[in-house]
file upload_34.cif (mmCIF, C-alpha atoms)
data_target
loop_
_atom_site.group_PDB
_atom_site.id
_atom_site.type_symbol
_atom_site.label_atom_id
_atom_site.label_comp_id
_atom_site.auth_asym_id
_atom_site.auth_seq_id
_atom_site.Cartn_x
_atom_site.Cartn_y
_atom_site.Cartn_z
ATOM 1 C CA MET A 8 7.119 6.163 14.431
ATOM 2 C CA GLY A 9 4.758 4.318 12.114
ATOM 3 C CA THR A 10 1.774 2.287 13.207
ATOM 4 C CA GLU A 11 2.602 -1.311 14.080
ATOM 5 C CA VAL A 12 1.262 -3.772 11.511
ATOM 6 C CA LYS A 13 -0.921 -6.385 13.194
ATOM 7 C CA LYS A 14 -1.996 -9.157 10.829
ATOM 8 C CA CYS A 15 -5.157 -11.208 11.085
ATOM 9 C CA ALA A 16 -6.938 -13.802 8.962
ATOM 10 C CA VAL A 17 -10.698 -14.301 9.151
ATOM 11 C CA ILE A 18 -11.808 -17.685 7.863
ATOM 12 C CA SER A 19 -15.434 -17.805 6.788
ATOM 13 C CA GLY A 20 -17.517 -20.876 6.067
ATOM 14 C CA ALA A 21 -18.264 -20.748 2.317
ATOM 15 C CA PRO A 22 -17.919 -24.269 0.837
ATOM 16 C CA GLU A 23 -14.666 -24.742 -1.093
ATOM 17 C CA SER A 24 -13.143 -27.813 -2.717
ATOM 18 C CA ASP A 25 -9.574 -26.485 -2.652
ATOM 19 C CA LEU A 26 -8.052 -25.010 0.503
ATOM 20 C CA SER A 27 -4.434 -25.208 -0.608
ATOM 21 C CA TYR A 28 -4.241 -21.469 -1.338
ATOM 22 C CA TYR A 29 -4.955 -20.668 2.337
ATOM 23 C CA LYS A 30 -1.468 -21.509 3.520
ATOM 24 C CA LYS A 31 0.272 -18.591 1.828
ATOM 25 C CA TYR A 32 -2.020 -16.179 3.694
ATOM 26 C CA LEU A 33 -1.820 -17.622 7.210
ATOM 27 C CA ASN A 34 1.836 -17.177 8.163
ATOM 28 C CA ASP A 35 2.279 -14.896 11.174
ATOM 29 C CA ARG A 36 -1.421 -14.020 11.329
ATOM 30 C CA TYR A 37 -3.833 -14.203 14.225
ATOM 31 C CA ILE A 38 -6.553 -16.594 13.010
ATOM 32 C CA ILE A 39 -10.232 -15.952 13.662
ATOM 33 C CA CYS A 40 -12.791 -18.472 12.399
ATOM 34 C CA ALA A 41 -16.378 -17.522 11.654
ATOM 35 C CA ASP A 42 -18.601 -20.345 12.857
ATOM 36 C CA SER A 43 -18.008 -23.432 10.650
ATOM 37 C CA GLY A 44 -14.809 -21.875 9.305
ATOM 38 C CA TYR A 45 -13.019 -23.739 12.095
ATOM 39 C CA LYS A 46 -13.557 -26.959 10.111
ATOM 40 C CA LYS A 47 -11.237 -25.593 7.432
ATOM 41 C CA CYS A 48 -8.532 -25.060 10.043
ATOM 42 C CA ASP A 49 -9.047 -28.663 11.110
ATOM 43 C CA ALA A 50 -8.677 -29.837 7.500
ATOM 44 C CA LEU A 51 -5.465 -27.815 7.155
ATOM 45 C CA LYS A 52 -4.193 -28.946 10.586
ATOM 46 C CA ILE A 53 -3.958 -25.327 11.700
ATOM 47 C CA ALA A 54 -5.027 -24.182 15.175
ATOM 48 C CA PRO A 55 -7.330 -21.140 15.287
ATOM 49 C CA ASP A 56 -6.784 -18.432 17.892
ATOM 50 C CA LEU A 57 -10.428 -17.394 18.154
ATOM 51 C CA ILE A 58 -13.759 -18.795 16.960
ATOM 52 C CA VAL A 59 -16.820 -16.539 16.702
ATOM 53 C CA GLY A 60 -20.264 -17.805 15.758
ATOM 54 C CA ASP A 61 -23.792 -18.804 16.670
ATOM 55 C CA PHE A 62 -23.095 -22.416 15.618
ATOM 56 C CA ASP A 63 -26.424 -22.808 13.859
ATOM 57 C CA SER A 64 -24.720 -24.467 10.890
ATOM 58 C CA SER A 65 -22.137 -26.454 12.820
ATOM 59 C CA GLN A 66 -21.568 -27.947 16.240
ATOM 60 C CA LYS A 67 -19.795 -25.768 18.772
ATOM 61 C CA PRO A 68 -16.215 -27.089 18.744
ATOM 62 C CA ASP A 69 -14.439 -28.460 21.787
ATOM 63 C CA LEU A 70 -11.102 -26.767 21.165
ATOM 64 C CA MET A 71 -8.483 -25.168 23.412
ATOM 65 C CA CYS A 72 -8.909 -21.662 22.024
ATOM 66 C CA GLU A 73 -11.018 -18.615 22.786
ATOM 67 C CA ILE A 74 -14.643 -18.962 21.638
ATOM 68 C CA ILE A 75 -17.239 -16.184 21.460
ATOM 69 C CA GLU A 76 -20.728 -17.637 21.120
ATOM 70 C CA LEU A 77 -23.326 -15.395 19.505
ATOM 71 C CA GLN A 78 -27.099 -15.414 19.553
ATOM 72 C CA VAL A 79 -28.716 -16.947 16.463
ATOM 73 C CA ARG A 80 -30.978 -13.886 16.079
ATOM 74 C CA LYS A 81 -28.589 -10.988 15.542
ATOM 75 C CA ASP A 82 -28.028 -7.965 13.316
ATOM 76 C CA ASP A 83 -24.605 -8.891 11.878
ATOM 77 C CA THR A 84 -23.289 -12.010 10.183
ATOM 78 C CA ASP A 85 -20.760 -14.221 11.943
ATOM 79 C CA THR A 86 -18.056 -12.977 9.585
ATOM 80 C CA PHE A 87 -18.910 -9.341 10.276
ATOM 81 C CA HIS A 88 -18.683 -10.045 14.010
ATOM 82 C CA CYS A 89 -15.207 -11.487 13.361
ATOM 83 C CA ILE A 90 -14.167 -8.379 11.438
ATOM 84 C CA LYS A 91 -15.453 -6.061 14.154
ATOM 85 C CA GLU A 92 -13.651 -8.114 16.797
ATOM 86 C CA ALA A 93 -10.408 -8.018 14.806
ATOM 87 C CA VAL A 94 -10.586 -4.239 14.352
ATOM 88 C CA ALA A 95 -11.450 -3.743 18.048
ATOM 89 C CA ARG A 96 -8.362 -5.765 18.982
ATOM 90 C CA GLY A 97 -6.149 -3.512 16.890
ATOM 91 C CA TYR A 98 -5.561 -5.669 13.815
ATOM 92 C CA ASN A 99 -4.946 -3.421 10.818
ATOM 93 C CA ASP A 100 -4.022 -5.932 8.071
ATOM 94 C CA ILE A 101 -6.866 -8.398 7.544
ATOM 95 C CA VAL A 102 -7.443 -11.092 4.940
ATOM 96 C CA ILE A 103 -10.844 -12.772 4.621
ATOM 97 C CA LEU A 104 -10.646 -16.370 3.393
ATOM 98 C CA GLY A 105 -13.627 -18.521 2.475
ATOM 99 C CA GLY A 106 -15.851 -15.487 2.031
ATOM 100 C CA ILE A 107 -16.602 -15.882 -1.697
ATOM 101 C CA GLY A 108 -19.114 -18.644 -2.243
ATOM 102 C CA SER A 109 -22.256 -19.704 -4.055
ATOM 103 C CA ARG A 110 -24.500 -17.422 -1.975
ATOM 104 C CA ILE A 111 -24.340 -13.990 -3.619
ATOM 105 C CA ASP A 112 -25.865 -12.311 -0.560
ATOM 106 C CA HIS A 113 -23.136 -13.749 1.682
ATOM 107 C CA THR A 114 -20.422 -12.696 -0.750
ATOM 108 C CA TYR A 115 -21.796 -9.158 -0.990
ATOM 109 C CA SER A 116 -22.008 -8.980 2.798
ATOM 110 C CA ASN A 117 -18.315 -9.838 2.935
ATOM 111 C CA ILE A 118 -17.532 -7.088 0.419
ATOM 112 C CA LEU A 119 -19.240 -4.728 2.854
ATOM 113 C CA CYS A 120 -16.917 -6.095 5.548
ATOM 114 C CA VAL A 121 -13.977 -4.970 3.401
ATOM 115 C CA ASN A 122 -15.566 -1.543 3.096
ATOM 116 C CA TYR A 123 -16.074 -1.402 6.895
ATOM 117 C CA CYS A 124 -12.325 -1.868 7.269
ATOM 118 C CA PHE A 125 -11.522 0.697 4.562
ATOM 119 C CA GLU A 126 -13.608 3.313 6.363
ATOM 120 C CA ARG A 127 -11.463 2.729 9.466
ATOM 121 C CA ASN A 128 -8.112 2.858 7.648
ATOM 122 C CA VAL A 129 -7.662 -0.892 8.069
ATOM 123 C CA LYS A 130 -6.188 -2.821 5.140
ATOM 124 C CA CYS A 131 -8.497 -5.677 4.171
ATOM 125 C CA VAL A 132 -8.701 -8.065 1.225
ATOM 126 C CA LEU A 133 -11.248 -10.739 0.344
ATOM 127 C CA VAL A 134 -9.671 -13.663 -1.495
ATOM 128 C CA ASN A 135 -10.328 -17.090 -2.937
ATOM 129 C CA SER A 136 -8.190 -19.318 -5.134
ATOM 130 C CA LYS A 137 -8.721 -17.157 -8.255
ATOM 131 C CA ASN A 138 -9.574 -13.656 -7.054
ATOM 132 C CA MET A 139 -8.579 -10.884 -4.681
ATOM 133 C CA LEU A 140 -10.918 -7.978 -3.858
ATOM 134 C CA THR A 141 -10.247 -4.779 -1.934
ATOM 135 C CA ILE A 142 -11.477 -1.186 -1.671
ATOM 136 C CA ALA A 143 -9.222 1.662 -2.810
ATOM 137 C CA SER A 144 -9.030 5.407 -3.342
ATOM 138 C CA GLY A 145 -6.255 7.876 -4.032
ATOM 139 C CA GLU A 146 -3.245 6.237 -5.684
ATOM 140 C CA THR A 147 -2.909 2.457 -5.720
ATOM 141 C CA VAL A 148 -0.136 0.384 -7.284
ATOM 142 C CA ILE A 149 -0.891 -3.208 -8.279
ATOM 143 C CA LYS A 150 1.711 -5.692 -9.498
ATOM 144 C CA LYS A 151 1.470 -8.509 -11.982
ATOM 145 C CA CYS A 152 2.282 -11.429 -9.735
ATOM 146 C CA ASP A 153 -0.434 -14.055 -9.388
ATOM 147 C CA TYR A 154 -3.104 -12.274 -11.397
ATOM 148 C CA GLU A 155 -3.585 -11.579 -15.095
ATOM 149 C CA TYR A 156 -6.628 -9.304 -15.012
ATOM 150 C CA PHE A 157 -8.081 -6.527 -12.911
ATOM 151 C CA SER A 158 -11.373 -4.644 -12.762
ATOM 152 C CA LEU A 159 -12.560 -1.543 -10.940
ATOM 153 C CA PHE A 160 -16.052 -0.385 -10.125
ATOM 154 C CA ALA A 161 -17.211 2.845 -8.502
ATOM 155 C CA LEU A 162 -18.524 1.974 -5.051
ATOM 156 C CA PHE A 163 -21.872 3.528 -4.023
ATOM 157 C CA GLU A 164 -21.283 6.855 -5.814
ATOM 158 C CA LYS A 165 -19.563 8.420 -8.819
ATOM 159 C CA CYS A 166 -15.765 8.437 -8.925
ATOM 160 C CA THR A 167 -13.963 11.315 -10.641
ATOM 161 C CA GLY A 168 -10.406 11.748 -11.836
ATOM 162 C CA VAL A 169 -9.936 8.040 -12.570
ATOM 163 C CA SER A 170 -6.634 7.281 -14.312
ATOM 164 C CA ILE A 171 -4.929 3.974 -15.141
ATOM 165 C CA LYS A 172 -1.310 3.703 -16.307
ATOM 166 C CA GLY A 173 0.604 0.591 -17.352
ATOM 167 C CA ALA A 174 -2.392 -1.454 -18.484
ATOM 168 C CA GLN A 175 -3.603 -2.757 -21.812
ATOM 169 C CA TYR A 176 -6.321 -0.096 -21.601
ATOM 170 C CA ASP A 177 -5.051 3.080 -19.943
ATOM 171 C CA LEU A 178 -7.373 5.891 -18.867
ATOM 172 C CA ASP A 179 -6.760 9.557 -18.146
ATOM 173 C CA ASN A 180 -8.978 11.520 -15.777
ATOM 174 C CA VAL A 181 -12.369 9.942 -16.527
ATOM 175 C CA GLU A 182 -15.552 9.644 -14.481
ATOM 176 C CA LEU A 183 -17.049 6.331 -13.384
ATOM 177 C CA GLU A 184 -20.666 5.954 -12.370
ATOM 178 C CA PRO A 185 -21.586 3.023 -10.087
ATOM 179 C CA SER A 186 -23.300 1.394 -13.076
ATOM 180 C CA SER A 187 -20.287 1.810 -15.400
ATOM 181 C CA GLN A 188 -18.563 -1.284 -16.793
ATOM 182 C CA LEU A 189 -15.849 0.648 -18.638
ATOM 183 C CA THR A 190 -13.119 -0.654 -16.346
ATOM 184 C CA GLN A 191 -14.040 -4.331 -16.200
ATOM 185 C CA SER A 192 -11.533 -6.994 -17.319
ATOM 186 C CA ASN A 193 -8.460 -4.890 -17.967
ATOM 187 C CA ALA A 194 -5.038 -6.543 -18.199
ATOM 188 C CA PHE A 195 -1.453 -5.739 -17.307
ATOM 189 C CA LYS A 196 0.797 -4.284 -20.007
ATOM 190 C CA ASN A 197 3.674 -3.547 -17.618
ATOM 191 C CA ASP A 198 4.750 -5.383 -14.480
ATOM 192 C CA LYS A 199 2.856 -2.842 -12.419
ATOM 193 C CA VAL A 200 -0.204 -0.659 -12.935
ATOM 194 C CA ILE A 201 -0.859 2.680 -11.247
ATOM 195 C CA ILE A 202 -4.492 3.514 -10.499
ATOM 196 C CA GLU A 203 -5.481 7.010 -9.341
ATOM 197 C CA ILE A 204 -8.869 8.053 -7.989
ATOM 198 C CA LYS A 205 -9.184 11.756 -7.170
ATOM 199 C CA ASN A 206 -12.659 11.547 -5.625
ATOM 200 C CA GLY A 207 -14.636 8.510 -4.487
ATOM 201 C CA LYS A 208 -13.650 4.921 -3.900
ATOM 202 C CA ILE A 209 -13.571 1.778 -5.998
ATOM 203 C CA ILE A 210 -13.958 -1.944 -5.660
ATOM 204 C CA LEU A 211 -10.692 -3.337 -7.085
ATOM 205 C CA ILE A 212 -10.766 -6.975 -8.169
ATOM 206 C CA LEU A 213 -7.707 -8.920 -9.360
ATOM 207 C CA SER A 214 -8.500 -12.170 -11.155
ATOM 208 C CA ASN A 215 -6.740 -15.120 -12.706
ATOM 209 C CA ASP A 216 -9.473 -17.294 -14.160
#

call {"tool": "encode", "arguments": {"input": "upload_34.cif", "output": "structure tokens"}}
result
Amino acid sequence: MGTEVKKCAVISGAPESDLSYYKKYLNDRYIICADSGYKKCDALKIAPDLIVGDFDSSQKPDLMCEIIELQVRKDDTDTFHCIKEAVARGYNDIVILGGIGSRIDHTYSNILCVNYCFERNVKCVLVNSKNMLTIASGETVIKKCDYEYFSLFALFEKCTGVSIKGAQYDLDNVELEPSSQLTQSNAFKNDKVIIEIKNGKIILILSND
């Protein structure tokens, strides 16, 4: 018997002018809002299941859902608390929405949230209207659906045995240092691309901008 797939969406508070892309990610998912992220649910007329935050940037909402109120002085961001709560509750397919914004430090923190999930064998992606980011190792298949381009970067340490098949720029068994930009802005040649990493892990970014 395989592990049951439990889907969750974490909605963070990064300012966004267009929320229309959210709807395709929210079907059949348990919805957790990080602090002011609940305002996006209100704008979309979607009810959250859980709100987690210290409410230093927004008023604590008066909603009929579970609310976990955090201390303002804490070690983890509101979004990271949401991710930890989701993993603790057994969710193993998580999408982070509203986590790519104008604050680079906040965006990088959310990339680390994706890595936290990866280290616990939990599928997690960070998305906005033009990009999708995840962490990968081993063999990964990506399909040309909504995205034209993809990039990979060695995460934290050198990756070895990196191969790409089906792209405009294929590779065969190369090494990637964390500072390498060799694999930025590749494009699909076929409908699907196969990426293989023998050792290490990568940040995989799909883009359409």

call {"tool": "residues_around", "arguments": {"input": "upload_34.cif", "residues": "Gly207 of chain A", "least_positions_apart": "2", "cutoff": "10 Å", "atoms": "all atoms listed in the file", "output": "MDAnalysis selection string"}}
result
chainID A and resid 143:145 161:169 183 204:205 209

call {"tool": "resolve_selection", "arguments": {"input": "upload_34.cif", "expression": "the PyMOL selection byres ((chain A and resi 57) around 6)", "output": "list in words"}}
result
Ile39, Pro55, Asp56, Ile58, Cys72, Glu73 and Ile74 of chain A

call {"tool": "closest_residue", "arguments": {"input": "upload_34.cif", "among": "A:Cys15, A:Leu33, A:Ile75, A:Leu133", "to": "Ser116 of chain A", "atoms": "all atoms listed in the file"}}
result
A:Leu133

call {"tool": "resolve_selection", "arguments": {"input": "upload_34.cif", "expression": "the PyMOL selection byres ((chain A and resi 29) around 9)", "output": "VMD selection string"}}
result
chain A and resid 25 to 28 30 to 33 51 104 to 105 135 to 136

call {"tool": "closest_residue", "arguments": {"input": "upload_34.cif", "among": "A:Ala194, A:Cys48, A:Val12, A:Ile107", "to": "Lys130 of chain A", "atoms": "all atoms listed in the file"}}
result
A:Val12

call {"tool": "residues_around", "arguments": {"input": "upload_34.cif", "residues": "Leu213 of chain A", "least_positions_apart": "4", "cutoff": "10 Å", "atoms": "all atoms listed in the file", "output": "PyMOL selection string"}}
result
chain A and resi 134+137-141+149-151+153-159+192-194

call {"tool": "residues_around", "arguments": {"input": "upload_34.cif", "residues": "Asn99 of chain A", "least_positions_apart": "4", "cutoff": "10 Å", "atoms": "all atoms listed in the file", "output": "list of chain:residue names"}}
result
A:Thr10, A:Glu11, A:Val12, A:Lys13, A:Lys14, A:Cys15, A:Ala93, A:Val94, A:Ala95, A:Cys124, A:Phe125, A:Arg127, A:Asn128, A:Val129, A:Lys130, A:Cys131

call {"tool": "resolve_selection", "arguments": {"input": "upload_34.cif", "expression": "the PyMOL selection byres ((chain A and resi 76) around 7)", "output": "PyMOL selection string"}}
result
chain A and resi 59-61+74-75+77-78

call {"tool": "decode", "arguments": {"input": "upload_34.cif", "residues": "segment 87-210 of chain A", "atoms": "C-alpha atoms", "output": "PDB file, in the first residue's frame"}}
result
ATOM      1  CA  PHE A  87       7.857  28.372   8.274  1.00  0.00           C
ATOM      2  CA  HIS A  88       5.532  27.783  11.229  1.00  0.00           C
ATOM      3  CA  CYS A  89       2.787  26.976   8.699  1.00  0.00           C
ATOM      4  CA  ILE A  90       5.042  24.507   6.892  1.00  0.00           C
ATOM      5  CA  LYS A  91       6.051  22.800  10.127  1.00  0.00           C
ATOM      6  CA  GLU A  92       2.406  22.582  11.183  1.00  0.00           C
ATOM      7  CA  ALA A  93       1.415  21.102   7.819  1.00  0.00           C
ATOM      8  CA  VAL A  94       4.160  18.464   7.966  1.00  0.00           C
ATOM      9  CA  ALA A  95       3.287  17.626  11.598  1.00  0.00           C
ATOM     10  CA  ARG A  96      -0.328  17.072  10.541  1.00  0.00           C
ATOM     11  CA  GLY A  97       0.741  14.596   7.880  1.00  0.00           C
ATOM     12  CA  TYR A  98       0.426  16.693   4.724  1.00  0.00           C
ATOM     13  CA  ASN A  99       2.887  15.414   2.131  1.00  0.00           C
ATOM     14  CA  ASP A 100       1.988  17.492  -0.964  1.00  0.00           C
ATOM     15  CA  ILE A 101       2.386  21.196  -0.211  1.00  0.00           C
ATOM     16  CA  VAL A 102       2.219  24.271  -2.423  1.00  0.00           C
ATOM     17  CA  ILE A 103       3.364  27.657  -1.113  1.00  0.00           C
ATOM     18  CA  LEU A 104       1.504  30.590  -2.671  1.00  0.00           C
ATOM     19  CA  GLY A 105       2.369  34.241  -2.141  1.00  0.00           C
ATOM     20  CA  GLY A 106       5.879  33.385  -1.004  1.00  0.00           C
ATOM     21  CA  ILE A 107       7.816  35.116  -3.808  1.00  0.00           C
ATOM     22  CA  GLY A 108       7.829  38.853  -3.279  1.00  0.00           C
ATOM     23  CA  SER A 109       9.908  42.009  -3.294  1.00  0.00           C
ATOM     24  CA  ARG A 110      11.774  41.067  -0.100  1.00  0.00           C
ATOM     25  CA  ILE A 111      14.644  38.804  -1.174  1.00  0.00           C
ATOM     26  CA  ASP A 112      15.230  37.633   2.401  1.00  0.00           C
ATOM     27  CA  HIS A 113      11.600  36.503   2.705  1.00  0.00           C
ATOM     28  CA  THR A 114      11.751  34.730  -0.645  1.00  0.00           C
ATOM     29  CA  TYR A 115      14.971  32.930   0.280  1.00  0.00           C
ATOM     30  CA  SER A 116      13.454  31.921   3.613  1.00  0.00           C
ATOM     31  CA  ASN A 117      10.587  30.333   1.701  1.00  0.00           C
ATOM     32  CA  ILE A 118      13.044  28.447  -0.514  1.00  0.00           C
ATOM     33  CA  LEU A 119      14.469  27.032   2.709  1.00  0.00           C
ATOM     34  CA  CYS A 120      10.922  25.971   3.614  1.00  0.00           C
ATOM     35  CA  VAL A 121      10.849  23.933   0.396  1.00  0.00           C
ATOM     36  CA  ASN A 122      14.159  22.363   1.365  1.00  0.00           C
ATOM     37  CA  TYR A 123      12.794  21.555   4.857  1.00  0.00           C
ATOM     38  CA  CYS A 124      10.034  19.574   3.163  1.00  0.00           C
ATOM     39  CA  PHE A 125      12.449  17.866   0.754  1.00  0.00           C
ATOM     40  CA  GLU A 126      14.563  16.652   3.668  1.00  0.00           C
ATOM     41  CA  ARG A 127      11.438  14.996   5.102  1.00  0.00           C
ATOM     42  CA  ASN A 128      10.321  13.380   1.833  1.00  0.00           C
ATOM     43  CA  VAL A 129       7.444  15.843   1.519  1.00  0.00           C
ATOM     44  CA  LYS A 130       6.669  17.199  -1.949  1.00  0.00           C
ATOM     45  CA  CYS A 131       6.694  20.998  -1.895  1.00  0.00           C
ATOM     46  CA  VAL A 132       6.656  23.708  -4.556  1.00  0.00           C
ATOM     47  CA  LEU A 133       6.902  27.486  -4.280  1.00  0.00           C
ATOM     48  CA  VAL A 134       4.919  29.248  -6.997  1.00  0.00           C
ATOM     49  CA  ASN A 135       3.790  32.619  -8.270  1.00  0.00           C
ATOM     50  CA  SER A 136       2.077  33.613 -11.501  1.00  0.00           C
ATOM     51  CA  LYS A 137       5.238  33.116 -13.611  1.00  0.00           C
ATOM     52  CA  ASN A 138       7.447  30.654 -11.745  1.00  0.00           C
ATOM     53  CA  MET A 139       7.517  27.333  -9.937  1.00  0.00           C
ATOM     54  CA  LEU A 140      10.426  26.306  -7.683  1.00  0.00           C
ATOM     55  CA  THR A 141      11.176  22.974  -6.037  1.00  0.00           C
ATOM     56  CA  ILE A 142      14.110  20.913  -4.755  1.00  0.00           C
ATOM     57  CA  ALA A 143      15.091  17.710  -6.565  1.00  0.00           C
ATOM     58  CA  SER A 144      17.625  14.898  -6.680  1.00  0.00           C
ATOM     59  CA  GLY A 145      17.838  11.554  -8.425  1.00  0.00           C
ATOM     60  CA  GLU A 146      15.718  11.438 -11.582  1.00  0.00           C
ATOM     61  CA  THR A 147      13.104  14.113 -12.227  1.00  0.00           C
ATOM     62  CA  VAL A 148      10.808  14.444 -15.236  1.00  0.00           C
ATOM     63  CA  ILE A 149       9.426  17.879 -16.099  1.00  0.00           C
ATOM     64  CA  LYS A 150       6.811  18.533 -18.775  1.00  0.00           C
ATOM     65  CA  LYS A 151       6.305  21.468 -21.076  1.00  0.00           C
ATOM     66  CA  CYS A 152       2.891  22.604 -19.940  1.00  0.00           C
ATOM     67  CA  ASP A 153       2.701  26.123 -18.533  1.00  0.00           C
ATOM     68  CA  TYR A 154       6.407  26.895 -18.631  1.00  0.00           C
ATOM     69  CA  GLU A 155       8.864  27.632 -21.425  1.00  0.00           C
ATOM     70  CA  TYR A 156      12.142  27.701 -19.502  1.00  0.00           C
ATOM     71  CA  PHE A 157      13.834  25.906 -16.647  1.00  0.00           C
ATOM     72  CA  SER A 158      16.982  26.402 -14.584  1.00  0.00           C
ATOM     73  CA  LEU A 159      18.850  24.278 -12.066  1.00  0.00           C
ATOM     74  CA  PHE A 160      21.344  25.268  -9.420  1.00  0.00           C
ATOM     75  CA  ALA A 161      23.369  23.082  -7.069  1.00  0.00           C
ATOM     76  CA  LEU A 162      22.007  23.613  -3.568  1.00  0.00           C
ATOM     77  CA  PHE A 163      24.569  24.160  -0.772  1.00  0.00           C
ATOM     78  CA  GLU A 164      27.177  21.760  -2.207  1.00  0.00           C
ATOM     79  CA  LYS A 165      28.529  20.342  -5.462  1.00  0.00           C
ATOM     80  CA  CYS A 166      26.272  18.092  -7.532  1.00  0.00           C
ATOM     81  CA  THR A 167      27.818  15.289  -9.589  1.00  0.00           C
ATOM     82  CA  GLY A 168      26.482  13.156 -12.404  1.00  0.00           C
ATOM     83  CA  VAL A 169      24.157  15.880 -13.701  1.00  0.00           C
ATOM     84  CA  SER A 170      22.465  14.946 -16.984  1.00  0.00           C
ATOM     85  CA  ILE A 171      19.688  16.656 -18.957  1.00  0.00           C
ATOM     86  CA  LYS A 172      17.848  15.012 -21.863  1.00  0.00           C
ATOM     87  CA  GLY A 173      15.169  16.505 -24.107  1.00  0.00           C
ATOM     88  CA  ALA A 174      16.210  20.141 -23.737  1.00  0.00           C
ATOM     89  CA  GLN A 175      17.660  22.730 -26.068  1.00  0.00           C
ATOM     90  CA  TYR A 176      20.927  22.277 -24.163  1.00  0.00           C
ATOM     91  CA  ASP A 177      21.421  18.675 -23.057  1.00  0.00           C
ATOM     92  CA  LEU A 178      24.141  17.645 -20.609  1.00  0.00           C
ATOM     93  CA  ASP A 179      25.784  14.309 -19.895  1.00  0.00           C
ATOM     94  CA  ASN A 180      27.296  13.518 -16.507  1.00  0.00           C
ATOM     95  CA  VAL A 181      28.700  16.934 -15.554  1.00  0.00           C
ATOM     96  CA  GLU A 182      29.500  18.518 -12.199  1.00  0.00           C
ATOM     97  CA  LEU A 183      27.777  21.632 -10.875  1.00  0.00           C
ATOM     98  CA  GLU A 184      29.270  23.807  -8.174  1.00  0.00           C
ATOM     99  CA  PRO A 185      26.889  25.975  -6.105  1.00  0.00           C
ATOM    100  CA  SER A 186      28.278  29.021  -7.925  1.00  0.00           C
ATOM    101  CA  SER A 187      27.787  27.522 -11.413  1.00  0.00           C
ATOM    102  CA  GLN A 188      25.397  29.208 -13.849  1.00  0.00           C
ATOM    103  CA  LEU A 189      25.840  26.612 -16.600  1.00  0.00           C
ATOM    104  CA  THR A 190      22.273  25.365 -16.239  1.00  0.00           C
ATOM    105  CA  GLN A 191      20.407  28.664 -16.061  1.00  0.00           C
ATOM    106  CA  SER A 192      17.689  29.484 -18.624  1.00  0.00           C
ATOM    107  CA  ASN A 193      17.466  26.227 -20.531  1.00  0.00           C
ATOM    108  CA  ALA A 194      14.426  25.501 -22.705  1.00  0.00           C
ATOM    109  CA  PHE A 195      12.341  22.518 -23.730  1.00  0.00           C
ATOM    110  CA  LYS A 196      13.157  20.787 -27.016  1.00  0.00           C
ATOM    111  CA  ASN A 197      10.764  17.881 -26.413  1.00  0.00           C
ATOM    112  CA  ASP A 198       7.472  17.802 -24.536  1.00  0.00           C
ATOM    113  CA  LYS A 199       9.299  16.461 -21.511  1.00  0.00           C
ATOM    114  CA  VAL A 200      12.807  16.768 -20.097  1.00  0.00           C
ATOM    115  CA  ILE A 201      14.565  14.180 -17.941  1.00  0.00           C
ATOM    116  CA  ILE A 202      16.968  15.518 -15.316  1.00  0.00           C
ATOM    117  CA  GLU A 203      19.277  13.151 -13.416  1.00  0.00           C
ATOM    118  CA  ILE A 204      21.385  14.024 -10.384  1.00  0.00           C
ATOM    119  CA  LYS A 205      23.572  11.188  -9.098  1.00  0.00           C
ATOM    120  CA  ASN A 206      24.841  13.011  -6.004  1.00  0.00           C
ATOM    121  CA  GLY A 207      23.569  16.191  -4.363  1.00  0.00           C
ATOM    122  CA  LYS A 208      20.391  18.169  -4.797  1.00  0.00           C
ATOM    123  CA  ILE A 209      19.300  21.058  -6.976  1.00  0.00           C
ATOM    124  CA  ILE A 210      16.991  24.021  -6.920  1.00  0.00           C
TER     125      ILE A 210
END
